[in-house]
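S.K.: Sharing a structure here in structure tokens format.
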Amino acid sequence: MKWPSLCQNFAVFLCSGASMKIFVTGMVLLLAFAGFTQSVTATELKGTAAQGGMLWGRVAVGSRVLLDGKPIKVGPNGNFVFGFSRDAAARANLVINRPDGSLEEQTLNITQRKFDIEHVEGLPPKTVTPPPEWAARRKRETGRVRGARAVNTDETFWLAGLQKPAEGRFSGFYGSQRILNGKPRSPHYGLDIAGPVGTPIYAPAGGTVRLAAPDFLLEGGIVIIDHGFGITSTLFHMNSVDVKEGENIRQGTKIGTIGAKGRASGPHVDWRVNWGGVRLDPMLLIRQK
Ligand SMILES: [Zn+2]
């Protein structure tokens with residue numbers, strides 16, 4: 001090796017003493033700095049950056065993570081997760097503020113999707129235009145659903161991925177604009193899986209059962225599983241519900257069976273995934289496993 005020529009390529013101070021020791025020290029410092037800057041610029045995100053998609057990653061313990069200026073949960077091991085709604089904008093801003101004072105900023109490009117129009121006929125008319133006497137009960141039921149989805153624990157069952165909860169044909173999709181018995185309604189946020197009444201339904205991921213009820217007005221039999229960090233699975237139109245609130249279950253635990261209860265035109269399970277109040281597309285989550 002020709003040290004002098006190599007030295008010409010480095011800062012003068014490294015070579016001024018022409019000392020090997022200084023040179024080696026300089027190299028170590030340079031490499032350490034290169035390693036440091038690399039870790040600052042690249043927090044790896046996993047998942048799908050799309051409307052209805054979920055992204056997650058891991059940062060140094062004690063970091064703060066902000067999505068579009070709002071802090072999101074960072075777990076005791078540095079895990080974080082977030083998701084995008086059906087109508088999310090094309091860009092999002094992610095800022096990671098580390099305990100060592102360093103700052104990372106990422107612009108996320110969110111794939112904009114096109115959603116179909118879906119006509120659903122043959123629904124019980126009462127469930128499409130609920131009678132006024134249903135209002136009080138409906139309010140109680142939606143309150144329980146909101147409460148179950150508001151839980152935000154340190155559990156990380158969502159990290160293992162989510163799996164399809166039942167065997168059967170996909171019969172309804174996330175995001176589609178719905179026309180129910182000829183009446184335009186808000187978009188559909190579930191993935192529908194059709195199968196005969198009595199087909200087993202399994203937990204898409206492990207977690208704690210936050211809601212288990214046999215007969216809601218529009219949902220029929222309903223179960224909400226908390227997978228941690230505000231990620232929940234909601235499954236409904238169930239014929240039977242085999243789990244209880246507070247129960248800890250594993251991925252694949254049988255939670256009940258397919259039915260046609262509530263506002264359903266035929267036997268199926270409607271599976272929804274939320275990040276808190278943000279509705280995600282279950283199809284994206286099973287595909288990225
Ligand atoms: Zn549905």
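Convention: chains lettered A, B, ... in structure tokens order; per-chain residue numbering from 1; ligands numbered from 1 as shown.
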Can you tell me which residues come within 9 Å of ligand 1 when counting only C-alpha atoms and all ligand atoms, ideally as a PyMOL selection string?
M.R.: chain A and resi 171-174+188-193+236-237+263-264+268-272
S.K.: Using only C-alpha atoms, which protein or nucleic acid residues come within 8 Å of stretch 222-227 of chain A? Drop anything in the same chain fewer than 3 positions from it, and give the result as a PyMOL selection string.
M.R.: chain A and resi 145+148-149+151+155-158+203+205-216+219+230-238+241+255
S.K.: Go ahead and dump the residues you just picked, N, CA, C and O atoms, as a short mmCIF file (atom, residue, chain, number, x, y, z; two decimals), in the first residue's frame.
M.R.:
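Result went into again_12.cif, see below:
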data_model
loop_
_atom_site.label_atom_id
_atom_site.label_comp_id
_atom_site.auth_asym_id
_atom_site.auth_seq_id
_atom_site.Cartn_x
_atom_site.Cartn_y
_atom_site.Cartn_z
N VAL A 145 -68.83 -0.83 20.39
CA VAL A 145 -67.85 -1.08 19.32
C VAL A 145 -66.72 -0.06 19.41
O VAL A 145 -65.54 -0.40 19.38
N ALA A 148 -64.44 -0.74 22.37
CA ALA A 148 -63.56 -1.90 22.16
C ALA A 148 -62.38 -1.53 21.26
O ALA A 148 -61.26 -2.03 21.43
N ARG A 149 -62.64 -0.63 20.30
CA ARG A 149 -61.57 -0.25 19.36
C ARG A 149 -60.66 0.82 19.92
O ARG A 149 -59.61 1.12 19.32
N VAL A 151 -59.15 0.69 22.79
CA VAL A 151 -58.12 0.12 23.67
C VAL A 151 -56.77 0.17 22.94
O VAL A 151 -56.71 -0.04 21.72
N GLU A 155 -49.30 -4.95 23.61
CA GLU A 155 -49.19 -6.26 22.96
C GLU A 155 -48.85 -6.09 21.47
O GLU A 155 -49.24 -5.11 20.85
N THR A 156 -48.13 -7.07 20.91
CA THR A 156 -47.69 -6.95 19.51
C THR A 156 -48.11 -8.16 18.67
O THR A 156 -47.36 -8.65 17.83
N PHE A 157 -49.33 -8.64 18.90
CA PHE A 157 -49.82 -9.80 18.13
C PHE A 157 -49.90 -9.48 16.64
O PHE A 157 -49.80 -10.37 15.80
N TRP A 158 -50.08 -8.20 16.30
CA TRP A 158 -50.16 -7.78 14.89
C TRP A 158 -48.85 -8.02 14.15
O TRP A 158 -48.84 -8.17 12.92
N ALA A 203 -59.61 -16.83 14.84
CA ALA A 203 -58.99 -15.53 15.12
C ALA A 203 -57.91 -15.23 14.08
O ALA A 203 -57.01 -16.04 13.88
N ALA A 205 -55.53 -13.16 14.28
CA ALA A 205 -54.27 -13.02 15.01
C ALA A 205 -54.61 -13.16 16.49
O ALA A 205 -55.79 -13.09 16.87
N GLY A 206 -53.60 -13.35 17.32
CA GLY A 206 -53.84 -13.48 18.75
C GLY A 206 -54.27 -12.15 19.36
O GLY A 206 -54.21 -11.10 18.71
N GLY A 207 -54.70 -12.22 20.60
CA GLY A 207 -55.08 -10.99 21.29
C GLY A 207 -56.08 -11.23 22.40
O GLY A 207 -56.26 -12.35 22.86
N THR A 208 -56.74 -10.15 22.81
CA THR A 208 -57.73 -10.20 23.87
C THR A 208 -59.09 -9.86 23.29
O THR A 208 -59.21 -8.90 22.53
N VAL A 209 -60.10 -10.65 23.63
CA VAL A 209 -61.47 -10.38 23.16
C VAL A 209 -62.01 -9.17 23.94
O VAL A 209 -62.10 -9.20 25.15
N ARG A 210 -62.31 -8.10 23.21
CA ARG A 210 -62.81 -6.88 23.87
C ARG A 210 -64.32 -6.76 23.77
O ARG A 210 -64.93 -6.02 24.53
N LEU A 211 -64.90 -7.44 22.78
CA LEU A 211 -66.35 -7.42 22.65
C LEU A 211 -66.79 -8.77 22.11
O LEU A 211 -66.19 -9.29 21.15
N ALA A 212 -67.81 -9.34 22.73
CA ALA A 212 -68.38 -10.61 22.26
C ALA A 212 -69.87 -10.54 22.56
O ALA A 212 -70.26 -10.48 23.73
N ALA A 213 -70.69 -10.47 21.52
CA ALA A 213 -72.13 -10.34 21.72
C ALA A 213 -72.85 -11.18 20.67
O ALA A 213 -72.41 -11.26 19.52
N PRO A 214 -73.96 -11.84 21.05
CA PRO A 214 -74.60 -12.79 20.15
C PRO A 214 -75.51 -12.18 19.09
O PRO A 214 -75.77 -12.80 18.06
N ASP A 215 -75.99 -10.94 19.31
CA ASP A 215 -77.04 -10.47 18.40
C ASP A 215 -77.20 -8.96 18.35
O ASP A 215 -78.20 -8.42 18.81
N PHE A 216 -76.24 -8.26 17.75
CA PHE A 216 -76.40 -6.82 17.52
C PHE A 216 -77.37 -6.61 16.36
O PHE A 216 -77.52 -7.47 15.49
N GLU A 219 -75.14 -6.08 13.08
CA GLU A 219 -73.98 -6.97 12.97
C GLU A 219 -74.29 -8.42 13.29
O GLU A 219 -73.50 -9.30 12.98
N GLY A 230 -53.66 -0.71 19.32
CA GLY A 230 -54.85 -0.14 18.68
C GLY A 230 -55.29 -0.89 17.43
O GLY A 230 -56.27 -0.51 16.79
N ILE A 231 -54.58 -1.97 17.08
CA ILE A 231 -54.99 -2.79 15.93
C ILE A 231 -56.03 -3.80 16.41
O ILE A 231 -55.76 -4.59 17.32
N THR A 232 -57.22 -3.75 15.81
CA THR A 232 -58.29 -4.68 16.19
C THR A 232 -58.86 -5.38 14.96
O THR A 232 -58.84 -4.83 13.86
N SER A 233 -59.38 -6.57 15.19
CA SER A 233 -60.19 -7.27 14.19
C SER A 233 -61.62 -7.29 14.69
O SER A 233 -61.86 -7.60 15.86
N THR A 234 -62.57 -6.96 13.80
CA THR A 234 -63.98 -7.08 14.12
C THR A 234 -64.57 -8.11 13.17
O THR A 234 -64.31 -8.06 11.96
N LEU A 235 -65.32 -9.06 13.71
CA LEU A 235 -65.94 -10.10 12.86
C LEU A 235 -67.41 -10.14 13.19
O LEU A 235 -67.78 -10.16 14.38
N PHE A 236 -68.26 -10.12 12.16
CA PHE A 236 -69.70 -10.14 12.47
C PHE A 236 -70.58 -10.85 11.45
O PHE A 236 -70.07 -11.42 10.49
N HIS A 237 -71.88 -10.82 11.74
CA HIS A 237 -72.94 -11.64 11.12
C HIS A 237 -72.80 -13.09 11.60
O HIS A 237 -73.28 -14.02 10.95
N MET A 238 -72.13 -13.27 12.73
CA MET A 238 -71.85 -14.62 13.22
C MET A 238 -73.12 -15.31 13.70
O MET A 238 -73.99 -14.70 14.31
N VAL A 241 -71.25 -17.34 18.75
CA VAL A 241 -70.05 -16.70 19.28
C VAL A 241 -69.52 -17.59 20.39
O VAL A 241 -70.23 -17.87 21.35
N ILE A 255 -63.46 -18.86 17.12
CA ILE A 255 -64.21 -17.85 17.89
C ILE A 255 -65.71 -17.93 17.66
O ILE A 255 -66.48 -17.30 18.36
#
S.K.: Quick one: pick out all strand (DSSP E or B) residues within stretch 85-154 of chain A from a backbone DSSP run and write them as a short mmCIF file (atom, residue, chain, number, x, y, z; two decimals) with N, CA and C atoms, in the first residue's frame.
M.R.:
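Saved as part07.cif:
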data_model
loop_
_atom_site.label_atom_id
_atom_site.label_comp_id
_atom_site.auth_asym_id
_atom_site.auth_seq_id
_atom_site.Cartn_x
_atom_site.Cartn_y
_atom_site.Cartn_z
N ARG A 91 -49.67 11.79 0.10
CA ARG A 91 -48.41 11.88 0.83
C ARG A 91 -48.63 11.99 2.33
N ALA A 92 -47.70 11.37 3.09
CA ALA A 92 -47.74 11.52 4.54
C ALA A 92 -46.32 11.80 5.00
N ASN A 93 -46.22 12.42 6.15
CA ASN A 93 -44.92 12.82 6.67
C ASN A 93 -44.64 12.07 7.97
N LEU A 94 -43.48 11.41 8.00
CA LEU A 94 -43.11 10.65 9.20
C LEU A 94 -41.84 11.26 9.80
N VAL A 95 -41.89 11.59 11.07
CA VAL A 95 -40.72 12.16 11.74
C VAL A 95 -40.36 11.27 12.93
N ILE A 96 -39.08 10.93 13.03
CA ILE A 96 -38.60 10.12 14.15
C ILE A 96 -37.56 10.95 14.91
N ASN A 97 -37.86 11.14 16.16
CA ASN A 97 -37.05 11.98 17.03
C ASN A 97 -36.39 11.08 18.06
N LEU A 103 -32.66 13.45 14.28
CA LEU A 103 -33.99 13.58 13.72
C LEU A 103 -34.01 12.92 12.34
N GLU A 104 -35.02 12.16 12.07
CA GLU A 104 -35.18 11.56 10.75
C GLU A 104 -36.53 11.97 10.20
N GLU A 105 -36.57 12.27 8.92
CA GLU A 105 -37.83 12.64 8.30
C GLU A 105 -38.01 11.85 7.02
N GLN A 106 -39.19 11.26 6.84
CA GLN A 106 -39.49 10.50 5.62
C GLN A 106 -40.79 11.01 5.02
N THR A 107 -40.79 11.18 3.70
CA THR A 107 -42.05 11.47 3.01
C THR A 107 -42.56 10.15 2.46
N LEU A 108 -43.76 9.77 2.85
CA LEU A 108 -44.33 8.49 2.42
C LEU A 108 -45.30 8.74 1.27
N ASN A 109 -45.11 8.00 0.18
CA ASN A 109 -46.03 8.09 -0.95
C ASN A 109 -47.10 7.02 -0.78
N THR A 111 -50.14 4.97 -2.09
CA THR A 111 -50.83 4.57 -3.33
C THR A 111 -52.31 4.91 -3.25
N ILE A 117 -68.11 0.02 -7.24
CA ILE A 117 -69.47 0.21 -6.73
C ILE A 117 -70.08 -1.18 -6.60
N GLU A 118 -70.68 -1.44 -5.45
CA GLU A 118 -71.24 -2.76 -5.19
C GLU A 118 -72.73 -2.65 -4.89
N HIS A 119 -73.53 -3.39 -5.61
CA HIS A 119 -74.97 -3.41 -5.35
C HIS A 119 -75.30 -4.60 -4.46
N VAL A 120 -75.99 -4.35 -3.35
CA VAL A 120 -76.40 -5.45 -2.49
C VAL A 120 -77.92 -5.43 -2.40
#
S.K.: Rank nothing, just name the residue among A:Phe229, A:Phe115, A:Tyr202, A:Trp275 nearest to A:Thr257, using only C-alpha atoms.
M.R.: A:Tyr202
S.K.: Taking only stretch 140-201 of chain A into account, list the residues labelled alpha helix (DSSP H) by DSSP (computed from the backbone), as a count of residues only.
M.R.: 10
S.K.: Just checking: using only C-alpha atoms, which residue out of A:Gln51, A:Asn274, A:Asn181, A:Ser240 ends up closest to A:Thr127?
M.R.: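 Of all the options, A:Asn181 lies closest to A:Thr127.
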